[in-house]
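Raw contents of upload_21.cif, mmCIF, C-alpha atoms:
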```
data_coords
#
loop_
_atom_site.label_atom_id
_atom_site.label_comp_id
_atom_site.auth_asym_id
_atom_site.auth_seq_id
_atom_site.Cartn_x
_atom_site.Cartn_y
_atom_site.Cartn_z
CA MET V 1 -0.40 6.04 21.81
CA ARG V 2 0.10 6.86 18.15
CA VAL V 3 -3.59 6.37 17.44
CA LYS V 4 -4.57 8.82 20.19
CA LEU V 5 -2.37 11.56 18.85
CA GLU V 6 -3.49 10.98 15.29
CA THR V 7 -7.10 11.32 16.49
CA ARG V 8 -6.27 14.56 18.28
CA LEU V 9 -4.42 15.92 15.25
CA LEU V 10 -7.22 14.89 12.93
CA GLY V 11 -9.77 16.53 15.23
CA ALA V 12 -7.93 19.86 15.15
CA ASN V 13 -7.52 19.48 11.39
CA GLU V 14 -11.25 18.92 10.88
CA LEU V 15 -12.00 22.20 12.62
CA ILE V 16 -9.64 24.23 10.44
CA ALA V 17 -10.82 22.35 7.32
CA HIS V 18 -14.39 23.32 8.18
CA ASN V 19 -13.32 26.97 8.46
CA ASN V 20 -11.45 26.77 5.15
CA ARG V 21 -14.52 25.28 3.48
CA THR V 22 -16.75 28.07 4.82
CA THR V 23 -14.31 30.72 3.59
CA PHE V 24 -13.94 29.17 0.15
CA SER V 25 -17.69 28.71 -0.23
CA SER V 26 -18.52 32.25 0.83
CA GLN V 27 -16.28 33.41 -2.02
CA GLY V 28 -17.71 30.95 -4.55
CA ILE V 29 -14.32 29.31 -5.17
CA LEU V 30 -14.16 25.70 -6.25
CA VAL V 31 -11.31 23.96 -4.38
CA ILE V 32 -9.71 20.73 -5.57
CA ASN V 33 -7.30 18.56 -3.59
CA LEU V 34 -5.10 16.75 -6.11
CA MET V 35 -3.42 13.58 -4.84
CA SER V 36 -1.24 10.78 -6.21
CA SER V 37 1.97 8.78 -5.80
CA PRO V 38 5.20 10.57 -6.66
CA GLY V 39 5.59 10.72 -10.43
CA SER V 40 2.01 10.03 -11.53
CA GLY V 41 1.91 13.35 -13.34
CA LYS V 42 0.00 15.79 -11.07
CA THR V 43 2.09 18.80 -12.04
CA THR V 44 1.99 18.04 -15.77
CA ILE V 45 -1.81 17.65 -15.55
CA LEU V 46 -1.98 21.03 -13.81
CA GLU V 47 0.20 22.66 -16.47
CA LYS V 48 -2.01 21.34 -19.26
CA THR V 49 -5.18 22.23 -17.34
CA ILE V 50 -4.01 25.82 -16.84
CA LEU V 51 -3.27 26.16 -20.57
CA ARG V 52 -6.79 25.04 -21.44
CA LEU V 53 -8.58 27.12 -18.79
CA ALA V 54 -6.54 30.33 -19.00
CA ASP V 55 -9.02 32.27 -21.15
CA LYS V 56 -12.10 30.89 -19.38
CA ILE V 57 -11.60 31.23 -15.62
CA LYS V 58 -9.23 32.62 -12.97
CA MET V 59 -7.20 29.88 -11.36
CA VAL V 60 -4.65 29.78 -8.52
CA VAL V 61 -2.53 26.94 -7.15
CA ILE V 62 -1.14 25.84 -3.79
CA GLU V 63 1.81 23.48 -4.22
CA GLY V 64 2.72 20.98 -1.51
CA ASP V 65 6.20 19.50 -1.44
CA LEU V 66 8.62 18.25 1.17
CA TYR V 67 11.46 20.69 0.52
CA THR V 68 11.68 22.02 -3.03
CA ASP V 69 9.76 24.56 -5.10
CA GLN V 70 10.37 22.87 -8.45
CA ASP V 71 6.67 22.25 -9.08
CA ALA V 72 5.70 25.79 -8.05
CA GLN V 73 8.24 27.14 -10.55
CA ARG V 74 6.70 25.01 -13.30
CA ILE V 75 3.21 26.29 -12.43
CA GLU V 76 4.36 29.91 -12.25
CA GLN V 77 5.72 29.63 -15.78
CA GLN V 78 2.14 28.96 -16.90
CA GLY V 79 1.21 32.43 -15.67
CA VAL V 80 -0.93 31.63 -12.64
CA LYS V 81 -0.31 32.74 -9.06
CA VAL V 82 1.07 29.91 -6.93
CA VAL V 83 2.05 29.54 -3.26
CA GLN V 84 4.52 26.86 -2.24
CA ILE V 85 4.09 24.95 1.02
CA ASN V 86 7.18 23.03 2.13
CA THR V 87 6.17 20.45 4.71
CA GLU V 88 9.82 19.87 5.76
CA GLY V 89 9.44 16.13 5.63
CA THR V 90 5.79 15.77 6.69
CA CYS V 91 4.06 13.32 4.35
CA HIS V 92 0.87 15.31 3.62
CA LEU V 93 -0.66 18.79 3.66
CA ASP V 94 -3.05 19.73 6.44
CA ALA V 95 -5.84 22.29 6.67
CA GLY V 96 -3.74 24.74 8.70
CA MET V 97 -1.02 24.85 6.05
CA VAL V 98 -3.64 25.52 3.37
CA ASN V 99 -5.32 28.21 5.47
CA HIS V 100 -1.99 29.97 5.89
CA ALA V 101 -1.00 29.69 2.21
CA TYR V 102 -4.40 30.88 1.00
CA GLN V 103 -3.96 34.28 2.71
CA GLU V 104 -1.46 35.11 -0.05
CA LEU V 105 -4.01 34.25 -2.75
CA LEU V 106 -7.06 36.03 -1.31
CA SER V 107 -6.62 39.16 -3.43
CA GLU V 108 -6.67 37.10 -6.64
CA LYS V 109 -10.41 36.35 -6.28
CA PRO V 110 -10.07 33.04 -8.16
CA ASP V 111 -12.80 30.78 -9.52
CA LEU V 112 -10.71 27.68 -8.95
CA LEU V 113 -8.05 26.77 -6.39
CA PHE V 114 -6.00 23.66 -7.10
CA ILE V 115 -4.09 22.22 -4.15
CA GLU V 116 -1.37 19.81 -5.29
CA ASN V 117 -0.72 17.57 -2.30
CA VAL V 118 2.58 15.86 -1.41
CA GLY V 119 3.27 12.83 -3.64
CA ASN V 120 1.94 10.00 -1.48
CA LEU V 121 -1.03 7.62 -1.82
CA VAL V 122 -1.36 7.00 1.92
CA CYS V 123 -1.16 9.99 4.30
CA PRO V 124 -2.89 12.76 2.29
CA ALA V 125 -6.09 10.68 2.10
CA GLU V 126 -6.70 11.14 5.83
CA PHE V 127 -6.49 14.93 5.94
CA ASP V 128 -9.42 17.10 4.89
CA LEU V 129 -8.10 20.44 3.62
CA GLY V 130 -11.50 22.07 3.23
CA GLU V 131 -11.69 21.15 -0.46
CA ASP V 132 -14.88 20.64 -2.48
CA LEU V 133 -13.51 17.80 -4.56
CA ARG V 134 -10.78 15.22 -4.27
CA VAL V 135 -9.10 14.17 -7.47
CA VAL V 136 -6.66 11.25 -7.53
CA VAL V 137 -4.19 10.55 -10.32
CA ILE V 138 -2.85 7.08 -11.03
CA SER V 139 -0.63 6.35 -13.98
CA VAL V 140 -0.53 3.38 -16.31
CA PRO V 141 3.03 2.22 -15.48
CA GLU V 142 2.15 1.96 -11.75
CA GLY V 143 0.19 -1.21 -12.49
CA ASN V 144 -3.28 -2.64 -11.95
CA ASP V 145 -3.21 -3.28 -8.21
CA LYS V 146 -3.14 0.24 -6.76
CA ILE V 147 -6.90 0.54 -6.15
CA THR V 148 -7.12 -2.49 -3.85
CA LYS V 149 -3.76 -1.79 -2.19
CA TYR V 150 -4.44 1.89 -1.35
CA PRO V 151 -8.24 1.93 -1.04
CA LEU V 152 -8.82 4.96 1.21
CA VAL V 153 -7.64 7.60 -1.26
CA PHE V 154 -9.87 6.08 -3.99
CA GLN V 155 -12.89 5.60 -1.70
CA ARG V 156 -12.87 9.34 -1.02
CA ALA V 157 -12.16 10.49 -4.58
CA ASP V 158 -14.69 12.48 -6.62
CA ALA V 159 -12.68 11.83 -9.77
CA VAL V 160 -9.79 9.60 -10.79
CA LEU V 161 -7.50 10.47 -13.68
CA VAL V 162 -5.77 7.47 -15.19
CA ASN V 163 -2.74 9.21 -16.67
CA LYS V 164 -0.02 8.18 -19.17
CA ILE V 165 -2.39 6.17 -21.37
CA ASP V 166 0.18 6.75 -24.14
CA LEU V 167 2.20 4.03 -22.35
CA LEU V 168 -0.63 1.43 -22.53
CA PRO V 169 0.94 -0.47 -25.47
CA PHE V 170 4.19 -0.97 -23.50
CA THR V 171 2.78 -2.19 -20.16
CA ASP V 172 0.43 -4.89 -18.80
CA PHE V 173 -2.00 -2.27 -17.46
CA ASP V 174 -5.61 -3.47 -17.66
CA VAL V 175 -7.94 -0.45 -17.95
CA THR V 176 -11.10 -2.55 -17.53
CA LYS V 177 -9.85 -4.13 -14.30
CA VAL V 178 -8.92 -0.74 -12.84
CA GLN V 179 -12.29 0.78 -13.82
CA LYS V 180 -14.03 -2.22 -12.22
CA ASP V 181 -11.95 -2.00 -9.01
CA ILE V 182 -12.71 1.73 -8.66
CA GLY V 183 -16.40 1.08 -9.36
CA LEU V 184 -16.53 -1.55 -6.60
CA ILE V 185 -15.28 0.74 -3.82
CA ASN V 186 -16.57 4.07 -5.15
CA PRO V 187 -19.23 3.71 -7.85
CA LYS V 188 -19.95 7.46 -8.02
CA THR V 189 -16.45 8.63 -8.89
CA LYS V 190 -15.77 9.92 -12.39
CA ILE V 191 -12.93 8.21 -14.26
CA PHE V 192 -10.95 10.00 -16.97
CA LEU V 193 -8.42 8.23 -19.19
CA VAL V 194 -5.81 10.82 -20.14
CA SER V 195 -2.32 11.44 -21.37
CA ALA V 196 -1.11 14.75 -19.99
CA ARG V 197 1.90 14.35 -22.26
CA ASN V 198 0.07 14.24 -25.60
CA GLY V 199 -3.28 15.72 -24.52
CA ASP V 200 -5.46 12.66 -25.08
CA GLY V 201 -8.66 12.69 -23.02
CA LEU V 202 -8.08 16.13 -21.52
CA GLU V 203 -11.18 17.67 -23.16
CA GLU V 204 -13.55 15.54 -21.03
CA TRP V 205 -11.59 16.44 -17.89
CA ILE V 206 -11.70 20.16 -18.72
CA ALA V 207 -15.43 20.01 -19.52
CA TRP V 208 -16.09 18.31 -16.16
CA LEU V 209 -14.00 20.93 -14.32
CA LEU V 210 -15.95 23.79 -15.95
CA GLU V 211 -19.23 22.08 -14.97
CA GLN V 212 -18.05 21.81 -11.34
CA ILE V 213 -17.00 25.49 -11.27
CA GLN V 214 -20.39 26.49 -12.70
CA ALA V 215 -22.25 24.30 -10.19
CA LYS V 216 -20.33 25.86 -7.30
CA LYS V 217 -21.14 29.39 -8.49
CA THR V 218 -24.84 28.50 -8.88
CA THR V 219 -25.02 27.00 -5.38
CA ASN V 220 -23.28 30.04 -4.00
CA ARG V 221 -25.63 32.45 -5.75
CA ASN V 222 -28.66 30.56 -4.44
CA LEU V 223 -27.30 30.81 -0.91
CA GLU V 224 -26.82 34.58 -1.09
CA MET A 1 3.47 18.48 19.70
CA ARG A 2 3.72 16.28 16.64
CA VAL A 3 7.48 16.60 16.56
CA LYS A 4 7.79 15.50 20.19
CA LEU A 5 5.74 12.39 19.64
CA GLU A 6 7.58 11.52 16.46
CA THR A 7 10.84 11.84 18.40
CA ARG A 8 9.50 9.55 21.13
CA LEU A 9 8.23 7.04 18.59
CA LEU A 10 11.50 7.16 16.69
CA GLY A 11 13.42 6.70 19.95
CA ALA A 12 11.48 3.54 20.81
CA ASN A 13 11.87 2.35 17.24
CA GLU A 14 15.66 2.83 17.35
CA LEU A 15 15.87 0.56 20.38
CA ILE A 16 13.93 -2.28 18.75
CA ALA A 17 15.81 -1.76 15.47
CA HIS A 18 19.09 -2.15 17.38
CA ASN A 19 17.82 -5.42 18.88
CA ASN A 20 16.70 -6.64 15.45
CA ARG A 21 20.14 -5.83 14.03
CA THR A 22 21.90 -7.72 16.83
CA THR A 23 19.64 -10.77 16.30
CA PHE A 24 20.08 -10.75 12.51
CA SER A 25 23.84 -10.31 12.78
CA SER A 26 24.27 -13.09 15.33
CA GLN A 27 22.63 -15.40 12.80
CA GLY A 28 24.68 -14.11 9.85
CA ILE A 29 21.59 -13.02 7.92
CA LEU A 30 21.80 -10.14 5.46
CA VAL A 31 18.72 -7.95 5.82
CA ILE A 32 17.55 -5.54 3.11
CA ASN A 33 14.87 -2.86 3.50
CA LEU A 34 13.33 -2.32 0.04
CA MET A 35 11.56 1.01 -0.46
CA SER A 36 9.84 2.92 -3.27
CA SER A 37 6.72 4.76 -4.41
CA PRO A 38 3.67 2.61 -5.13
CA GLY A 39 4.09 0.94 -8.51
CA SER A 40 7.85 1.30 -9.00
CA GLY A 41 8.18 -2.47 -9.24
CA LYS A 42 9.45 -3.69 -5.83
CA THR A 43 7.48 -6.94 -5.93
CA THR A 44 8.41 -7.75 -9.53
CA ILE A 45 12.08 -7.12 -8.68
CA LEU A 46 11.72 -9.50 -5.72
CA GLU A 47 10.09 -12.17 -7.90
CA LYS A 48 12.91 -11.99 -10.44
CA THR A 49 15.56 -11.88 -7.70
CA ILE A 50 14.14 -15.01 -6.04
CA LEU A 51 14.19 -16.86 -9.38
CA ARG A 52 17.87 -16.04 -9.87
CA LEU A 53 18.97 -16.78 -6.28
CA ALA A 54 16.86 -19.90 -5.61
CA ASP A 55 19.65 -22.42 -6.21
CA LYS A 56 22.35 -20.29 -4.55
CA ILE A 57 21.04 -19.12 -1.17
CA LYS A 58 18.12 -19.43 1.25
CA MET A 59 15.91 -16.36 1.14
CA VAL A 60 12.82 -15.24 3.09
CA VAL A 61 10.59 -12.18 2.70
CA ILE A 62 8.57 -9.88 4.95
CA GLU A 63 5.89 -8.05 2.98
CA GLY A 64 4.54 -4.68 4.19
CA ASP A 65 1.18 -3.48 2.91
CA LEU A 66 -1.69 -1.39 4.23
CA TYR A 67 -4.43 -4.00 4.03
CA THR A 68 -3.94 -6.68 1.36
CA ASP A 69 -1.75 -9.75 0.97
CA GLN A 70 -1.55 -9.59 -2.84
CA ASP A 71 2.22 -9.11 -2.87
CA ALA A 72 2.78 -11.89 -0.31
CA GLN A 73 0.80 -14.24 -2.52
CA ARG A 74 2.96 -13.34 -5.51
CA ILE A 75 6.13 -13.99 -3.47
CA GLU A 76 4.82 -17.29 -2.08
CA GLN A 77 4.26 -18.52 -5.63
CA GLN A 78 8.02 -18.20 -6.14
CA GLY A 79 8.51 -20.84 -3.46
CA VAL A 80 9.99 -18.77 -0.61
CA LYS A 81 8.58 -18.37 2.88
CA VAL A 82 6.91 -14.97 3.34
CA VAL A 83 5.18 -13.21 6.25
CA GLN A 84 2.67 -10.46 5.54
CA ILE A 85 2.48 -7.37 7.76
CA ASN A 86 -0.69 -5.31 7.31
CA THR A 87 -0.15 -1.85 8.78
CA GLU A 88 -3.89 -1.07 8.71
CA GLY A 89 -3.32 2.33 7.17
CA THR A 90 0.04 3.24 8.72
CA CYS A 91 2.33 4.60 6.03
CA HIS A 92 5.51 2.66 6.87
CA LEU A 93 6.84 -0.45 8.62
CA ASP A 94 8.54 -0.08 11.99
CA ALA A 95 11.11 -2.20 13.82
CA GLY A 96 8.51 -3.72 16.17
CA MET A 97 6.41 -5.02 13.27
CA VAL A 98 9.52 -6.58 11.72
CA ASN A 99 10.58 -8.12 15.04
CA HIS A 100 7.17 -9.71 15.41
CA ALA A 101 7.00 -10.98 11.83
CA TYR A 102 10.52 -12.40 11.95
CA GLN A 103 9.58 -14.83 14.73
CA GLU A 104 7.68 -16.82 12.11
CA LEU A 105 10.76 -17.01 9.88
CA LEU A 106 13.38 -17.93 12.53
CA SER A 107 13.25 -21.66 11.83
CA GLU A 108 14.08 -21.08 8.14
CA LYS A 109 17.68 -20.07 8.95
CA PRO A 110 17.89 -17.83 5.87
CA ASP A 111 20.96 -16.20 4.32
CA LEU A 112 18.93 -13.22 3.13
CA LEU A 113 15.82 -11.47 4.48
CA PHE A 114 14.13 -9.02 2.15
CA ILE A 115 11.69 -6.58 3.78
CA GLU A 116 9.38 -4.97 1.22
CA ASN A 117 8.21 -1.74 2.83
CA VAL A 118 4.88 0.04 2.25
CA GLY A 119 4.81 1.88 -1.10
CA ASN A 120 5.79 5.40 -0.06
CA LEU A 121 8.87 7.56 -0.71
CA VAL A 122 8.43 9.65 2.45
CA CYS A 123 7.59 7.89 5.73
CA PRO A 124 9.58 4.62 5.43
CA ALA A 125 12.84 6.59 5.09
CA GLU A 126 12.62 7.70 8.73
CA PHE A 127 12.23 4.28 10.33
CA ASP A 128 15.21 2.00 10.90
CA LEU A 129 14.04 -1.62 10.83
CA GLY A 130 17.37 -3.13 11.86
CA GLU A 131 18.38 -3.77 8.24
CA ASP A 132 21.94 -3.97 6.92
CA LEU A 133 21.18 -2.28 3.64
CA ARG A 134 18.57 0.07 2.27
CA VAL A 135 17.65 -0.35 -1.36
CA VAL A 136 15.41 2.18 -3.10
CA VAL A 137 13.62 1.59 -6.40
CA ILE A 138 12.62 4.41 -8.73
CA SER A 139 11.10 3.77 -12.11
CA VAL A 140 11.65 5.55 -15.39
CA PRO A 141 8.04 6.78 -15.89
CA GLU A 142 8.12 8.57 -12.50
CA GLY A 143 10.33 11.26 -14.03
CA ASN A 144 13.67 12.94 -13.38
CA ASP A 145 12.84 15.02 -10.33
CA LYS A 146 12.30 12.39 -7.63
CA ILE A 147 15.82 12.54 -6.16
CA THR A 148 15.69 16.23 -5.30
CA LYS A 149 12.02 16.11 -4.23
CA TYR A 150 12.33 13.12 -1.88
CA PRO A 151 15.98 13.40 -0.78
CA LEU A 152 15.95 11.56 2.57
CA VAL A 153 15.22 8.11 1.20
CA PHE A 154 18.01 8.49 -1.38
CA GLN A 155 20.50 10.01 1.10
CA ARG A 156 20.18 6.87 3.21
CA ALA A 157 20.18 4.33 0.37
CA ASP A 158 22.99 1.81 -0.10
CA ALA A 159 21.72 1.02 -3.59
CA VAL A 160 19.23 2.53 -6.02
CA LEU A 161 17.56 0.45 -8.71
CA VAL A 162 16.33 2.51 -11.65
CA ASN A 163 13.61 0.16 -12.90
CA LYS A 164 11.54 -0.03 -16.11
CA ILE A 165 14.41 1.02 -18.38
CA ASP A 166 12.45 -0.75 -21.16
CA LEU A 167 10.23 2.38 -21.11
CA LEU A 168 13.14 4.80 -21.72
CA PRO A 169 12.31 5.29 -25.43
CA PHE A 170 8.75 6.39 -24.57
CA THR A 171 9.48 8.93 -21.79
CA ASP A 172 11.60 12.05 -21.17
CA PHE A 173 13.57 10.32 -18.42
CA ASP A 174 17.20 11.48 -18.31
CA VAL A 175 19.39 8.71 -16.85
CA THR A 176 22.47 10.95 -16.66
CA LYS A 177 20.63 13.65 -14.67
CA VAL A 178 19.28 11.10 -12.19
CA GLN A 179 22.70 9.46 -11.75
CA LYS A 180 24.20 12.92 -11.18
CA ASP A 181 21.48 13.92 -8.66
CA ILE A 182 21.98 10.70 -6.70
CA GLY A 183 25.75 11.19 -6.80
CA LEU A 184 25.42 14.70 -5.38
CA ILE A 185 23.51 13.68 -2.24
CA ASN A 186 24.90 10.17 -1.81
CA PRO A 187 28.07 9.52 -3.80
CA LYS A 188 28.66 6.06 -2.28
CA THR A 189 25.36 4.48 -3.31
CA LYS A 190 25.39 1.83 -6.04
CA ILE A 191 23.10 2.52 -9.00
CA PHE A 192 21.65 -0.30 -11.10
CA LEU A 193 19.73 0.31 -14.33
CA VAL A 194 17.28 -2.57 -14.68
CA SER A 195 14.10 -3.79 -16.27
CA ALA A 196 12.47 -6.31 -13.94
CA ARG A 197 10.04 -6.99 -16.77
CA ASN A 198 12.54 -8.15 -19.39
CA GLY A 199 15.51 -8.93 -17.14
CA ASP A 200 17.91 -6.25 -18.42
CA GLY A 201 20.57 -5.30 -15.89
CA LEU A 202 19.53 -7.86 -13.29
CA GLU A 203 22.84 -9.79 -13.47
CA GLU A 204 24.79 -6.88 -11.92
CA TRP A 205 22.17 -6.52 -9.18
CA ILE A 206 22.29 -10.25 -8.38
CA ALA A 207 26.11 -10.26 -8.37
CA TRP A 208 26.12 -7.32 -5.94
CA LEU A 209 23.58 -9.08 -3.67
CA LEU A 210 25.70 -12.25 -3.56
CA GLU A 211 28.77 -10.14 -2.68
CA GLN A 212 26.86 -8.50 0.18
CA ILE A 213 25.66 -11.87 1.52
CA GLN A 214 29.22 -13.20 1.36
CA ALA A 215 30.61 -10.11 3.11
CA LYS A 216 28.05 -10.44 5.90
CA LYS A 217 28.93 -14.10 6.45
CA THR A 218 32.65 -13.30 6.52
CA THR A 219 32.17 -10.49 9.05
CA ASN A 220 30.04 -12.79 11.15
CA ARG A 221 32.61 -15.59 11.08
CA ASN A 222 35.38 -13.18 12.10
CA LEU A 223 33.28 -12.02 15.06
CA GLU A 224 32.72 -15.54 16.36
#
```
What does the file become when written as C-alpha cells?
Amino acid sequence: MRVKLETRLLGANELIAHNNRTTFSSQGILVINLMSSPGSGKTTILEKTILRLADKIKMVVIEGDLYTDQDAQRIEQQGVKVVQINTEGTCHLDAGMVNHAYQELLSEKPDLLFIENVGNLVCPAEFDLGEDLRVVVISVPEGNDKITKYPLVFQRADAVLVNKIDLLPFTDFDVTKVQKDIGLINPKTKIFLVSARNGDGLEEWIAWLLEQIQAKKTTNRNLE
Amino acid sequence: MRVKLETRLLGANELIAHNNRTTFSSQGILVINLMSSPGSGKTTILEKTILRLADKIKMVVIEGDLYTDQDAQRIEQQGVKVVQINTEGTCHLDAGMVNHAYQELLSEKPDLLFIENVGNLVCPAEFDLGEDLRVVVISVPEGNDKITKYPLVFQRADAVLVNKIDLLPFTDFDVTKVQKDIGLINPKTKIFLVSARNGDGLEEWIAWLLEQIQAKKTTNRNLE
C-alpha cells in the first residue's frame, strides 16, 4: 500500500521536476540540490560560497526546513535573495514546492540557484527537484560508515563535500576509506575535502562551481 | 492525499505499537527507542552501555538500518543478542517491524530492549514502536540549532544525550543554549552530557537506565 502511493507521488513529482528543469534550462540557470544529514554544515557552506561568488555571478537560494526560517535568515544576511519553504514536518522537498518558491525568484535572473534540502540523508535522495547537479555534504565527525549505510544519496551525487576537515585530528575519520567507498558506488562523482569554518579546500569547490555555471551557459547558448 | 495515507498508516501503526507495549509490559521489559541523525553516535553509545551493564542486567538490541548490518555486527561483538531490521530505503522503523523482529528475541527474557532506529531526525519521531522511553542523541559538531529545527523528536524525548562533548573545545557548540532550548519545548526531559568515545558522563546515563529498569519491574510486580 505504501509502495503504491510512493510510486504515484514520485510519478507526479517527476512530471513537475521535468517542467522545472525545462524552465531552468531555458533561462540558462544552473540549479544545485544540496543535501546532507542535519548539522553537516550545508548552510555554512552556502554562506562561504556566497561570499566567494558575490562579485562573479548572481546567485539565489531556496531554503528547505521543517518549520523555521533560521537558515534563510543566515543566507539573507549574506545579501542574496532567498525563499524559505517550510515543509511542516515532511522529510524532504519536492518539485512542486520548488516550482512554487521559484516564482518569487524569477525576476532576479540568477546564474545559479542553490536549493538547500531538509537535513536528512534518506528521503531527499528519492525526489528529483529539476536540478542540474546534486551535491551531498558529509562531515568528518559523522564517521566513516555513512557511504555504505546511506548509499542512494551518494550514488546519485555529482559532487560530495567532506566538510569539517579541521576536526580530522580529533576523530577516527578515515578520508581514504570514505573516498574509496564513494568511488566504488559512484566513480564519477567529484570529492572535495573542505572546512567551511576555516575556508580550507573551498577554492577547488568554487572553481568547480564556476566551471559548471560556464558549461551550463555554453550548452544553453548552443541550444538557442 | 499524502496526509490521508499517513494518517491511515499511523493509525495501523498505533494499534500494533499498543500490542507491542502490552507484550513488553507483561514481561517486565524496559524498551527504549534510540533516535538521532546519522553519525551522532547511537551505536557507539550502545556499545559502551552494553559494556557497563553486562554484569548487571540482560539486554537485547534491535538494529534498524536501510540496507546494511554493520551496526548489528558491532553490537553482536559486545556479546548481546541482536536482530537486524533492514527497511530497504524506508526512513524509519515502525511497530510492525519491531513486532516481527522481537519474536526472535522472546526466548532471551531480557530486562532491557534497545531499539536503534534509522539515522534520521524527522521520520522516526512520528512512529510509536511500543517503547517505554524515547532517547534522542545529538552530537556537539551538529551545532546549536537542531532543537528548534527538528522540534518533534525532542518534544517527545524522555532523555537527550548530548554526545561528543570531547569536541567542545574545537566547535562553537553552546551547551547552555541547547539545554535552554530543550527545556523550553520539553522541560521534563533528562539531559546527559557524554562522550561515548572517552566515557565522560556515561555513569549518570547508566545510573538513570538502571533506575528506569528497576521502576519498570516494580510497576510490573504491582500489576501482577
Please, which residues in chain A fall within 7 Å of chain V when counting all atoms listed in the file, and what is the closest atom pair and distance in Å to one decimal for each, ordered by chain then residue number, as a tab-separated table?
```
residue	atom	partner	partner_atom	distance
A:Ser37	CA	V:Ser37	CA	6.4
A:Pro38	CA	V:Ser37	CA	6.4
A:Gly39	CA	V:Glu142	CA	3.9
A:Ser40	CA	V:Glu142	CA	6.4
A:Leu66	CA	V:Lys149	CA	6.8
A:Tyr67	CA	V:Lys149	CA	6.6
A:Thr68	CA	V:Lys149	CA	6.0
A:Cys91	CA	V:Val122	CA	6.0
A:Asn120	CA	V:Asn120	CA	6.2
A:Val122	CA	V:Cys91	CA	6.0
A:Cys123	CA	V:Cys91	CA	6.6
A:Pro141	CA	V:Pro141	CA	6.8
A:Glu142	CA	V:Gly39	CA	3.9
A:Gly143	CA	V:Gly39	CA	6.0
A:Lys149	CA	V:Thr68	CA	6.0
```
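Of the residues listed (A:Val136, A:Val175, A:Ile147, A:Leu210), A:Val136 shows the shortest atom-to-atom separation from Met35 (chain A); distances use all atoms listed in the file.
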Carefully work through the PyMOL selection byres ((chain A and resi 24) around 12) for this structure and note down the residues it includes, as a PDB file with C-alpha atoms, in the frame of the given file.
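Listed below is the output, part.pdb:
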```
ATOM      1  CA  ALA A  17      15.810  -1.760  15.470  1.00  0.00           C
ATOM      2  CA  HIS A  18      19.090  -2.150  17.380  1.00  0.00           C
ATOM      3  CA  ASN A  19      17.820  -5.420  18.880  1.00  0.00           C
ATOM      4  CA  ASN A  20      16.700  -6.640  15.450  1.00  0.00           C
ATOM      5  CA  ARG A  21      20.140  -5.830  14.030  1.00  0.00           C
ATOM      6  CA  THR A  22      21.900  -7.720  16.830  1.00  0.00           C
ATOM      7  CA  THR A  23      19.640 -10.770  16.300  1.00  0.00           C
ATOM      8  CA  SER A  25      23.840 -10.310  12.780  1.00  0.00           C
ATOM      9  CA  SER A  26      24.270 -13.090  15.330  1.00  0.00           C
ATOM     10  CA  GLN A  27      22.630 -15.400  12.800  1.00  0.00           C
ATOM     11  CA  GLY A  28      24.680 -14.110   9.850  1.00  0.00           C
ATOM     12  CA  ILE A  29      21.590 -13.020   7.920  1.00  0.00           C
ATOM     13  CA  LEU A  30      21.800 -10.140   5.460  1.00  0.00           C
ATOM     14  CA  VAL A  31      18.720  -7.950   5.820  1.00  0.00           C
ATOM     15  CA  ILE A  32      17.550  -5.540   3.110  1.00  0.00           C
ATOM     16  CA  VAL A  98       9.520  -6.580  11.720  1.00  0.00           C
ATOM     17  CA  ASN A  99      10.580  -8.120  15.040  1.00  0.00           C
ATOM     18  CA  TYR A 102      10.520 -12.400  11.950  1.00  0.00           C
ATOM     19  CA  GLN A 103       9.580 -14.830  14.730  1.00  0.00           C
ATOM     20  CA  LEU A 105      10.760 -17.010   9.880  1.00  0.00           C
ATOM     21  CA  LEU A 106      13.380 -17.930  12.530  1.00  0.00           C
ATOM     22  CA  LYS A 109      17.680 -20.070   8.950  1.00  0.00           C
ATOM     23  CA  PRO A 110      17.890 -17.830   5.870  1.00  0.00           C
ATOM     24  CA  ASP A 111      20.960 -16.200   4.320  1.00  0.00           C
ATOM     25  CA  LEU A 112      18.930 -13.220   3.130  1.00  0.00           C
ATOM     26  CA  LEU A 113      15.820 -11.470   4.480  1.00  0.00           C
ATOM     27  CA  LEU A 129      14.040  -1.620  10.830  1.00  0.00           C
ATOM     28  CA  GLY A 130      17.370  -3.130  11.860  1.00  0.00           C
ATOM     29  CA  GLU A 131      18.380  -3.770   8.240  1.00  0.00           C
ATOM     30  CA  ASP A 132      21.940  -3.970   6.920  1.00  0.00           C
ATOM     31  CA  LYS A 216      28.050 -10.440   5.900  1.00  0.00           C
ATOM     32  CA  LYS A 217      28.930 -14.100   6.450  1.00  0.00           C
ATOM     33  CA  ASN A 220      30.040 -12.790  11.150  1.00  0.00           C
TER      34      ASN A 220
END
```
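Here CA of Asn13 (chain V) stands at a distance of 13.1 Å from CA of His100 (chain V).
In this structure, CA of Val80 (chain A) sits 11.7 Å away from CA of Asp55 (chain A).
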Atom pair CA of Ile206 (chain V) / CA of Met59 (chain V): separation (Å): 13.0 Å
